[in-house]
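**Student:** Attaching a single structure in structure tokens format; questions to follow.
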Amino acid sequence: MYRVLRTAGLLLLGGMLSAQDAALPVPANVTADGLPLIPGALVAKLRPYGEFRRAQLLGWHGQQRQLLVLTSTGTANQVHLVAAPLATPKPVTAFTEGTIGAASFSPAGGDFFVVRKDTGAAETHQLHTVDGESTTLLTDGKSRNGLPAWSRKSGRIAFDSNRRNGRDRDIYVVDPKDPSSSRMVAEVSGSWEVWGWSPDDTALLSLELLPGNDTALWSIDVATGKKTLLTPNGASAIWSDPQYSRDGRSVYALSNHGSELPRAWRIRDGKWSAVSREGDAIEAIALSPDGKTLAVSVDRDGSSRVELIDTATSRTRLTAALPAGQLPAPITPRGVWTLQWSPDGQEVAFSFGSARMFSDVFSVNATSGAVTQWTKSPVGGIDVTTLPEPEIVRWKSFDGKMISGVLYRPPARFTGPRPIIINIHGGPNDTRERPRFQGRSNYFLNELGIAIVFPNVRGSFGFGKSFEKLDDGSKRNDAVKDIGALLDWIAADKALDATRVMVTGASYGGYMTYAIAERYGDRIRCAFAAAAISDFVSYIEGTEPGRQQDRRAEYGDERDPETRTLLTAMSPLAGAATLKVPLMIAHGRKDARVPLAQAEAMFQAARANGGPVWMVIYEDAGHENFPGTTANSNYNFYTWITFVERYLL
């Protein structure tokens with residue numbers, strides 16, 4: 001959800017409600033409390049800045065040089081087939097509700113594919129086969145189901161599901177041509193994911209998601225369900241992108257095992273060895289079909305570089321010629337391939353975005369290094385080349401730690417100190433801000449001359465595992481102090497107006513918004529929190545059961561009396577009496593991760609202070625897809641605009 005909000009950004013438009021303006025009606029599926037009339041004129045002003053789309057890679061066709069991508073048809077994202085580079089994407093799904101999280105063809109061949117999507121906003125993801133105009137449900141329609149991992153030999157898929165008890169993610173196998181063939185391979189405790197099959201179909205690679213963002217890699221026997229641990233027992237590390245070599249004797253994976261930053265690793269005969277250099281921050285890996293080349297995405301100075309490594313020598317033999325930009329965060333944070341080899345091993349495909357381009361799909365030729373663009377999505381109603389390049393900025397926090405962020409300044413025609421919005425990402429430890437396309441927020445920069453800064457407070461991903469743990473447990477308030485240091489940095493920049501500062505964020509960023517508004521209320525003008533945590537104890541107790549152990553590792557175990565007392569004291573709800581700045585709260589009623597009660601309690605507590613408090617509830621929205629439909633998204637922006645117009649400007 002926080003990725004949706006970050007992508008959309010903040011919109012500010014001039015003009016208050018005048019006599020000739022017609023007020024926008026509150027949509028039928030929205031409950032609003034404390035809001036003024038929303039000017040109808042916002043609709044026309046917003047429209048040019050909403051004319052952008054993105055395309056995200058889903059997968060290659062099993063036999064032809066074609067790609068599945070996710071992009072919008074009308075007002076909804078659908079799976080599309082791109083038959084050739086820059087060919088018009090053809091929609092191949094027509095779902096009327098839910099969010100698509102993945103789609104892939106069988107590597108064994110055939111023209112049908114499997115798609116994963118949720119039902120409504122409840123995050124009860126289901127698997128479907130799509131064959132022409134026919135769609136068949138593969139799962140039970142009620143449980144939460146993971147992404148499909150295809151067998152190259154038999155064409156079966158493996159996936160995780162909580163269908164047994166609503167909590168533990170057991171491992172299942174099914175023939176997608178026969179839904180009745182579904183069977184449990186392994187009963188597990190906790191959350192597990194399936195990533196791949198051995199070449200002979202006898203074993204599955206599965207990741208166990210451990211508390212504190214760590215993972216462990218297992219091999220699971222398909223016939224017996226026997227589990228064999230492949231990663232060092234008891235070692236704290238994140239493992240991802242595991243895949244078998246062509247002969248099945250080796251496994252490649254991405255991990256920060258033994259180092260601060262992730263590297264590419266290989267296990268053979270029970271021994272792990274590094275394939276990439278220490279110090280290179282590897283973002284994703286993918287092994288070629290012949291096993292001779294490892295494609296990697298490397299973070300170099302905030303930009304992604306796609307490189308090809310010879311697996312025999314561990315030497316980089318090719319670097320794709322890409323502009324400054326990134327492989328955007330995948331549609332699903334875990335369990336989806338960022339880099340994908342074509343079945344013939346000739347090309348590697350990936351999504352790519354930058355400050356000038358939301359996201360499009362590209363491929364690089366493994367022999368020549370030639371880069372091919374497959375999709376070209378519109379970027380909206382302005383010339384993005386006129387905007388200043390985003391800047392990586394750094395400041396020293398209270399304890400001497402250096403904190404960084406991405407600053408977007410308005411065009412040079414705006415003179416004098418500029419107002420600024422601090423936009424804090426969610427997570428906290430699976431997310432990182434880097435220069436990216438601002439979408440509708442380009443109006444915010446280009447028309448109103450307001451700067452935006454996206455900080456990477458301690459706990460953010462991508463700066464080493466020590467940095468990621470600096471906000472754990474009792475150290476939670478240290479991340480809030482990072483923003484206090486940012487306010488000092490803003491005050492020292494003569495181009496920024498320290499008297500006109502707003503803070504906003506979603507999910508964990510929403511918690512930070514509440515906490516900052518309480519601690520630094522005399523230094524900010526207003527705050528907007530979406531899908532936010534207000535009380536850690538009731539949040540952990542009320543979140544989806546499969547997430548509780550992981551959240552306890554991050555925040556603390558509320559079942560321990562001493563920890564419970566600490567969590568209560570650190571929660572924004574406990575300090576709500578000090579929150580005096582104008583506040584807007586938005587939440588989805590179907591949110592299974594951060595229940596609506598978190599927003600309702602904070603709304604009542606803040607309103608008791610007598611200041612302006614707005615509350616917007618989207619009745620059909622959850623957490624992952626917040627705020628949900630196009631109509632919801634539009635209304636969310638209109639209220640955002642009006643709030644900032646009134647209280648920041």
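If you're wondering about the labels, chains in the structure tokens are A, B, ... by order shown, residues count from 1 in each chain, ligands from 1 in order shown.
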Taking only residues of segment 341-448 of chain A that have an atom at most 12 Å from an atom of segment 512-525 of chain A, what is each one's shortest atom pair and its distance in Å to one decimal, using only C-alpha atoms, in chain and number order, as a tab-separated table?

**Tutor:**
```
residue	atom	partner	partner_atom	distance
A:Pro419	CA	A:Arg525	CA	10.3
A:Ile420	CA	A:Ile524	CA	9.9
A:Ile421	CA	A:Ile524	CA	9.6
A:Ile422	CA	A:Thr513	CA	9.2
A:Asn423	CA	A:Thr513	CA	8.7
A:Ile424	CA	A:Met512	CA	7.4
A:His425	CA	A:Met512	CA	9.2
A:Gly426	CA	A:Met512	CA	9.0
A:Gly427	CA	A:Met512	CA	11.1
A:Pro428	CA	A:Met512	CA	10.1
```

**Student:** Store the residues of this selection in a file with C-alpha atoms, as a compact mmCIF listing (two decimals), in the first residue's frame.

**Tutor:**
```txt
# COMPACT_ATOMS: atom_id res chain seq x y z
CA PRO A 419 7.49 25.19 1.38
CA ILE A 420 8.32 21.53 1.72
CA ILE A 421 6.57 18.22 2.40
CA ILE A 422 8.35 15.40 4.23
CA ASN A 423 6.97 12.11 2.84
CA ILE A 424 8.01 9.03 4.86
CA HIS A 425 7.89 5.55 3.35
CA GLY A 426 6.28 2.52 4.96
CA GLY A 427 7.86 -0.80 5.80
CA PRO A 428 10.06 0.15 7.49
```

**Student:** Each residue of segment 248-311 of chain A lying at most 10 Å from segment 197-203 of chain A should get a row with its shortest atom-to-atom pair and the distance in Å to one decimal, counting only C-alpha atoms; could you produce that, ordered by chain and increasing number, as a Markdown table?

**Tutor:**
```
| residue | atom | partner | partner_atom | distance |
| --- | --- | --- | --- | --- |
| A:Gly248 | CA | A:Pro199 | CA | 5.9 |
| A:Arg249 | CA | A:Ser198 | CA | 9.2 |
| A:Ser250 | CA | A:Ser198 | CA | 9.9 |
| A:Val251 | CA | A:Ser198 | CA | 9.4 |
```

**Student:** Dump C-alpha atoms for the selected residues as a PDB file, in the first residue's frame?

**Tutor:**
```pdb
ATOM      1  CA  GLY A 248      20.398 -29.524 -10.249  1.00  0.00           C
ATOM      2  CA  ARG A 249      23.680 -29.824  -8.347  1.00  0.00           C
ATOM      3  CA  SER A 250      23.929 -26.139  -7.404  1.00  0.00           C
ATOM      4  CA  VAL A 251      21.581 -23.518  -6.014  1.00  0.00           C
TER       5      VAL A 251
END
```

**Student:** Hey, what's within 7 Å of segment 297-309 of chain A if we count only C-alpha atoms and toss same-chain stuff fewer than 5 positions away? As a PyMOL selection string, please?

**Tutor:** chain A and resi 280-285+314-320+324-327+434

**Student:** Using C-alpha atoms, can you write the selected residues to a file as a short mmCIF file (atom, residue, chain, number, x, y, z; two decimals), in the first residue's frame?

**Tutor:**
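For reference, again36.cif as written:
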```cif
data_model
loop_
_atom_site.label_atom_id
_atom_site.label_comp_id
_atom_site.auth_asym_id
_atom_site.auth_seq_id
_atom_site.Cartn_x
_atom_site.Cartn_y
_atom_site.Cartn_z
CA ASP A 280 28.35 -4.43 -4.55
CA ALA A 281 24.74 -4.05 -3.42
CA ILE A 282 22.99 -6.72 -5.50
CA GLU A 283 19.23 -6.10 -5.89
CA ALA A 284 18.14 -9.19 -7.85
CA ILE A 285 19.59 -12.21 -9.65
CA SER A 314 32.50 -14.83 -11.41
CA ARG A 315 33.61 -12.03 -13.72
CA THR A 316 31.26 -9.40 -15.16
CA ARG A 317 31.27 -9.76 -18.92
CA LEU A 318 28.56 -7.27 -19.92
CA THR A 319 26.83 -4.19 -18.49
CA ALA A 320 23.62 -2.94 -20.12
CA ALA A 324 20.09 6.75 -14.49
CA GLY A 325 17.11 4.98 -12.96
CA GLN A 326 16.01 1.86 -11.12
CA LEU A 327 14.41 -1.49 -11.50
CA ARG A 434 15.49 6.43 -4.52
#
```

**Student:** Find the residues around Asp344 of chain A up to 9 Å (only C-alpha atoms counted), leave out those fewer than 2 positions away in its own chain, and share them as a list in words.

**Tutor:**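 Residues meeting the cut-off are Gln63, Pro289, Trp341, Ser342, Gln346 and Glu347 of chain A.
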
**Student:** Nearest residue to Asp178 of chain A out of A:Ser191, A:Ser397, A:Thr139, A:Gln243, using only C-alpha atoms?

**Tutor:**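 For Asp178 of chain A, the nearest of the given residues is A:Thr139.
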
**Student:** Leaving out segment 90-94 of chain A and any residue of its chain fewer than 6 positions from it, which residues lie within 6 Å of it when counting only C-alpha atoms, given as number ranges by chain?

**Tutor:** A: 78-81

**Student:** Go ahead and save the residues from that selection, with C-alpha atoms, as a CSV table (one decimal), in the first residue's frame.

**Tutor:**
```
chain,number,residue,atom,x,y,z
A,78,GLN,CA,-5.0,-5.9,-16.5
A,79,VAL,CA,-2.6,-8.5,-17.8
A,80,HIS,CA,-1.5,-7.6,-21.4
A,81,LEU,CA,0.4,-9.5,-24.1
```

**Student:** Please list as a ChimeraX atom specification every residue within 12 Å of Ile100 of chain A, counting only C-alpha atoms and excluding residues in the same chain fewer than 2 positions away.

**Tutor:** /A:56,58,69-72,76-80,93-98,102-104,114-121,123-128,147,331-332,624-625

**Student:** Store the residues picked out above in a file with N, CA and C atoms, as a CSV table (one decimal), in the first residue's frame.

**Tutor:**
```csv
chain,number,residue,atom,x,y,z
A,56,GLN,N,4.6,-3.0,-16.1
A,56,GLN,CA,5.5,-3.8,-15.3
A,56,GLN,C,5.6,-5.2,-15.9
A,58,LEU,N,5.7,-9.1,-16.2
A,58,LEU,CA,5.2,-10.2,-15.6
A,58,LEU,C,5.9,-11.5,-16.0
A,69,VAL,N,2.8,-8.3,-19.6
A,69,VAL,CA,3.0,-7.1,-18.7
A,69,VAL,C,1.7,-6.7,-18.0
A,70,LEU,N,1.9,-6.0,-16.9
A,70,LEU,CA,0.7,-5.4,-16.2
A,70,LEU,C,0.6,-3.9,-16.5
A,71,THR,N,-0.5,-3.5,-17.1
A,71,THR,CA,-0.7,-2.1,-17.4
A,71,THR,C,-2.2,-1.9,-17.4
A,72,SER,N,-2.6,-0.6,-17.5
A,72,SER,CA,-4.0,-0.3,-17.3
A,72,SER,C,-4.8,-0.4,-18.7
A,76,ALA,N,-8.6,0.2,-14.9
A,76,ALA,CA,-8.1,-0.9,-14.1
A,76,ALA,C,-6.9,-1.6,-14.7
A,77,ASN,N,-6.0,-2.0,-13.9
A,77,ASN,CA,-4.8,-2.8,-14.4
A,77,ASN,C,-5.2,-4.2,-14.8
A,78,GLN,N,-4.7,-4.6,-16.0
A,78,GLN,CA,-5.0,-5.9,-16.5
A,78,GLN,C,-3.7,-6.5,-17.0
A,79,VAL,N,-3.7,-7.8,-17.2
A,79,VAL,CA,-2.6,-8.5,-17.8
A,79,VAL,C,-2.7,-8.2,-19.3
A,80,HIS,N,-1.6,-7.8,-20.0
A,80,HIS,CA,-1.5,-7.6,-21.4
A,80,HIS,C,-0.4,-8.4,-22.0
A,93,THR,N,-6.8,-10.2,-19.9
A,93,THR,CA,-7.7,-10.4,-18.8
A,93,THR,C,-8.7,-9.3,-18.7
A,94,ALA,N,-9.8,-9.5,-18.1
A,94,ALA,CA,-10.8,-8.5,-17.9
A,94,ALA,C,-11.5,-8.6,-16.6
A,95,PHE,N,-10.7,-8.7,-15.5
A,95,PHE,CA,-11.2,-8.8,-14.2
A,95,PHE,C,-11.9,-7.5,-13.8
A,96,THR,N,-13.0,-7.6,-13.1
A,96,THR,CA,-13.8,-6.5,-12.7
A,96,THR,C,-13.5,-6.0,-11.3
A,97,GLU,N,-12.7,-6.7,-10.5
A,97,GLU,CA,-12.3,-6.3,-9.2
A,97,GLU,C,-11.1,-7.0,-8.8
A,98,GLY,N,-10.4,-6.5,-7.7
A,98,GLY,CA,-9.2,-7.2,-7.2
A,98,GLY,C,-8.0,-6.6,-7.8
A,102,ALA,N,0.5,-11.2,-10.1
A,102,ALA,CA,1.5,-11.9,-10.9
A,102,ALA,C,0.8,-12.6,-12.0
A,103,ALA,N,1.5,-12.9,-13.1
A,103,ALA,CA,1.0,-13.8,-14.1
A,103,ALA,C,2.1,-14.4,-14.9
A,104,SER,N,2.0,-15.7,-15.2
A,104,SER,CA,3.2,-16.3,-15.9
A,104,SER,C,2.7,-17.5,-16.7
A,114,VAL,N,-1.1,-18.6,-15.7
A,114,VAL,CA,-1.7,-18.6,-14.4
A,114,VAL,C,-1.5,-17.2,-13.8
A,115,VAL,N,-2.6,-16.6,-13.3
A,115,VAL,CA,-2.6,-15.3,-12.7
A,115,VAL,C,-2.9,-15.4,-11.2
A,116,ARG,N,-2.3,-14.5,-10.4
A,116,ARG,CA,-2.6,-14.4,-9.0
A,116,ARG,C,-3.2,-13.1,-8.8
A,117,LYS,N,-4.4,-13.0,-8.1
A,117,LYS,CA,-5.1,-11.8,-7.8
A,117,LYS,C,-5.8,-11.9,-6.5
A,118,ASP,N,-6.1,-10.8,-5.9
A,118,ASP,CA,-6.9,-10.9,-4.6
A,118,ASP,C,-8.4,-10.7,-5.0
A,119,THR,N,-9.2,-10.9,-3.9
A,119,THR,CA,-10.6,-10.8,-4.1
A,119,THR,C,-11.0,-9.5,-3.3
A,120,GLY,N,-11.6,-8.5,-4.0
A,120,GLY,CA,-11.9,-7.3,-3.3
A,120,GLY,C,-10.6,-6.7,-2.8
A,121,ALA,N,-10.6,-6.3,-1.5
A,121,ALA,CA,-9.5,-5.7,-0.9
A,121,ALA,C,-9.0,-6.5,0.3
A,123,GLU,N,-7.0,-9.1,0.5
A,123,GLU,CA,-5.7,-9.8,0.3
A,123,GLU,C,-5.8,-11.3,0.4
A,124,THR,N,-7.0,-11.8,0.1
A,124,THR,CA,-7.2,-13.3,-0.1
A,124,THR,C,-6.9,-13.7,-1.5
A,125,HIS,N,-5.6,-13.7,-1.8
A,125,HIS,CA,-5.1,-13.9,-3.2
A,125,HIS,C,-5.4,-15.3,-3.7
A,126,GLN,N,-6.0,-15.4,-4.9
A,126,GLN,CA,-6.3,-16.7,-5.5
A,126,GLN,C,-5.5,-16.9,-6.8
A,127,LEU,N,-5.4,-18.1,-7.2
A,127,LEU,CA,-4.7,-18.5,-8.4
A,127,LEU,C,-5.8,-18.9,-9.4
A,128,HIS,N,-5.6,-18.4,-10.7
A,128,HIS,CA,-6.5,-18.7,-11.8
A,128,HIS,C,-5.7,-19.1,-13.0
A,147,LEU,N,2.5,-17.0,-4.7
A,147,LEU,CA,2.8,-17.0,-6.2
A,147,LEU,C,3.1,-18.4,-6.7
A,331,ILE,N,5.9,-5.9,-8.1
A,331,ILE,CA,4.5,-5.8,-7.8
A,331,ILE,C,4.2,-6.4,-6.4
A,332,THR,N,4.8,-7.6,-6.2
A,332,THR,CA,4.7,-8.2,-4.9
A,332,THR,C,6.1,-8.2,-4.3
A,624,GLU,N,-3.1,-3.3,1.0
A,624,GLU,CA,-2.2,-3.5,-0.1
A,624,GLU,C,-2.6,-2.6,-1.3
A,625,ASN,N,-3.9,-2.4,-1.5
A,625,ASN,CA,-4.4,-1.7,-2.7
A,625,ASN,C,-4.9,-0.3,-2.3
```

**Student:** Going by DSSP on the backbone, which residues of segment 482-511 of chain A come out as strand (DSSP E or B)? List them as a CSV table (one decimal) with N, CA and C atoms, in the first residue's frame.

**Tutor:**
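And here is the file that came out, states_32.csv:
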```csv
chain,number,residue,atom,x,y,z
A,496,LEU,N,14.7,26.7,1.3
A,496,LEU,CA,13.6,26.0,1.8
A,496,LEU,C,13.0,26.9,2.9
A,497,ASP,N,11.7,26.8,3.1
A,497,ASP,CA,11.0,27.6,4.1
A,497,ASP,C,10.7,26.7,5.3
A,498,ALA,N,11.5,26.9,6.4
A,498,ALA,CA,11.3,26.0,7.6
A,498,ALA,C,10.0,26.4,8.3
A,499,THR,N,9.3,27.4,8.0
A,499,THR,CA,8.1,27.8,8.6
A,499,THR,C,6.9,27.2,7.9
A,500,ARG,N,7.1,26.5,6.8
A,500,ARG,CA,6.0,25.9,6.0
A,500,ARG,C,6.4,24.4,5.7
A,501,VAL,N,6.2,23.6,6.7
A,501,VAL,CA,6.6,22.2,6.5
A,501,VAL,C,5.4,21.3,6.9
A,502,MET,N,5.2,20.3,6.0
A,502,MET,CA,4.1,19.3,6.3
A,502,MET,C,4.8,17.9,6.3
A,503,VAL,N,4.2,17.0,7.1
A,503,VAL,CA,4.7,15.6,7.2
A,503,VAL,C,3.6,14.7,6.8
A,504,THR,N,3.9,13.7,6.0
A,504,THR,CA,2.9,12.7,5.6
A,504,THR,C,3.6,11.3,5.5
A,505,GLY,N,2.8,10.3,5.5
A,505,GLY,CA,3.2,9.0,5.3
A,505,GLY,C,2.1,8.0,5.4
A,506,ALA,N,2.4,6.7,4.9
A,506,ALA,CA,1.3,5.7,4.9
A,506,ALA,C,1.9,4.5,5.6
```

**Student:** Closest to Lys465 of chain A among A:Asn636, A:Asn256, A:Ser368, A:Ser571, using only C-alpha atoms?

**Tutor:**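 Nearest candidate to Lys465 of chain A out of A:Asn636, A:Asn256, A:Ser368, A:Ser571: A:Asn256.
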
**Student:** Which value, in Å to one decimal, gives the distance between atom CA of Ala149 of chain A and atom CA of Gly462 of chain A?

**Tutor:** 26.6 Å

**Student:** Could you work out how far atom CA of Tyr511 of chain A lies from atom CA of Gly34 of chain A, giving the answer in Å with one decimal?

**Tutor:**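 Between atom CA of Gly34 of chain A and atom CA of Tyr511 of chain A the gap is 21.0 Å.
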
**Student:** Using only C-alpha atoms, which protein or nucleic acid residues come within 12 Å of Leu254 of chain A? Drop anything in the same chain fewer than 6 positions from it, and give the result as a short mmCIF file (atom, residue, chain, number, x, y, z; two decimals) with C-alpha atoms, in the first residue's frame.

**Tutor:**
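As written to disk, selection39.cif reads:
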```cif
data_model
loop_
_atom_site.label_atom_id
_atom_site.label_comp_id
_atom_site.auth_asym_id
_atom_site.auth_seq_id
_atom_site.Cartn_x
_atom_site.Cartn_y
_atom_site.Cartn_z
CA LEU A 207 11.92 -19.76 1.79
CA THR A 215 14.69 -15.94 5.89
CA ALA A 216 15.94 -19.51 5.66
CA LEU A 217 16.19 -21.57 2.46
CA THR A 231 21.29 -22.10 4.59
CA ALA A 237 20.43 -13.23 7.02
CA ILE A 238 17.94 -12.47 4.28
CA TRP A 239 17.89 -15.00 1.43
CA SER A 240 15.92 -14.45 -1.78
CA ASP A 241 15.78 -15.28 -5.50
CA PRO A 242 16.84 -18.96 -5.01
CA GLN A 243 17.10 -21.09 -8.16
CA LEU A 261 24.94 -5.69 1.74
CA PRO A 262 23.39 -8.47 -0.38
CA ARG A 263 25.63 -10.57 -2.64
CA ALA A 264 25.03 -13.41 -5.09
CA TRP A 265 25.83 -16.83 -3.61
CA ARG A 266 26.07 -20.42 -4.84
CA ILE A 267 25.84 -23.67 -2.86
CA TRP A 272 28.19 -21.75 0.00
CA SER A 273 30.52 -19.44 -1.94
CA ALA A 274 30.09 -15.84 -3.10
CA VAL A 275 29.65 -15.21 -6.82
CA SER A 276 29.61 -11.39 -6.76
CA ASP A 280 28.35 -4.43 -4.55
CA ALA A 281 24.74 -4.05 -3.42
CA ILE A 282 22.99 -6.72 -5.50
CA GLU A 283 19.23 -6.10 -5.89
CA ALA A 284 18.14 -9.19 -7.85
CA ILE A 285 19.59 -12.21 -9.65
CA ALA A 286 18.45 -14.64 -12.36
CA LEU A 287 20.31 -17.65 -13.75
CA LEU A 294 23.99 -14.92 -13.89
CA ALA A 295 22.06 -11.71 -14.56
CA VAL A 296 22.24 -9.29 -11.65
CA SER A 297 20.86 -5.86 -10.84
CA VAL A 298 23.43 -3.78 -8.93
#
```

**Student:** Find the distance between atom CA of Phe112 of chain A and atom CA of Ala55 of chain A and write it in Å to one decimal.

**Tutor:**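 Interatomic distance here is 20.9 Å.
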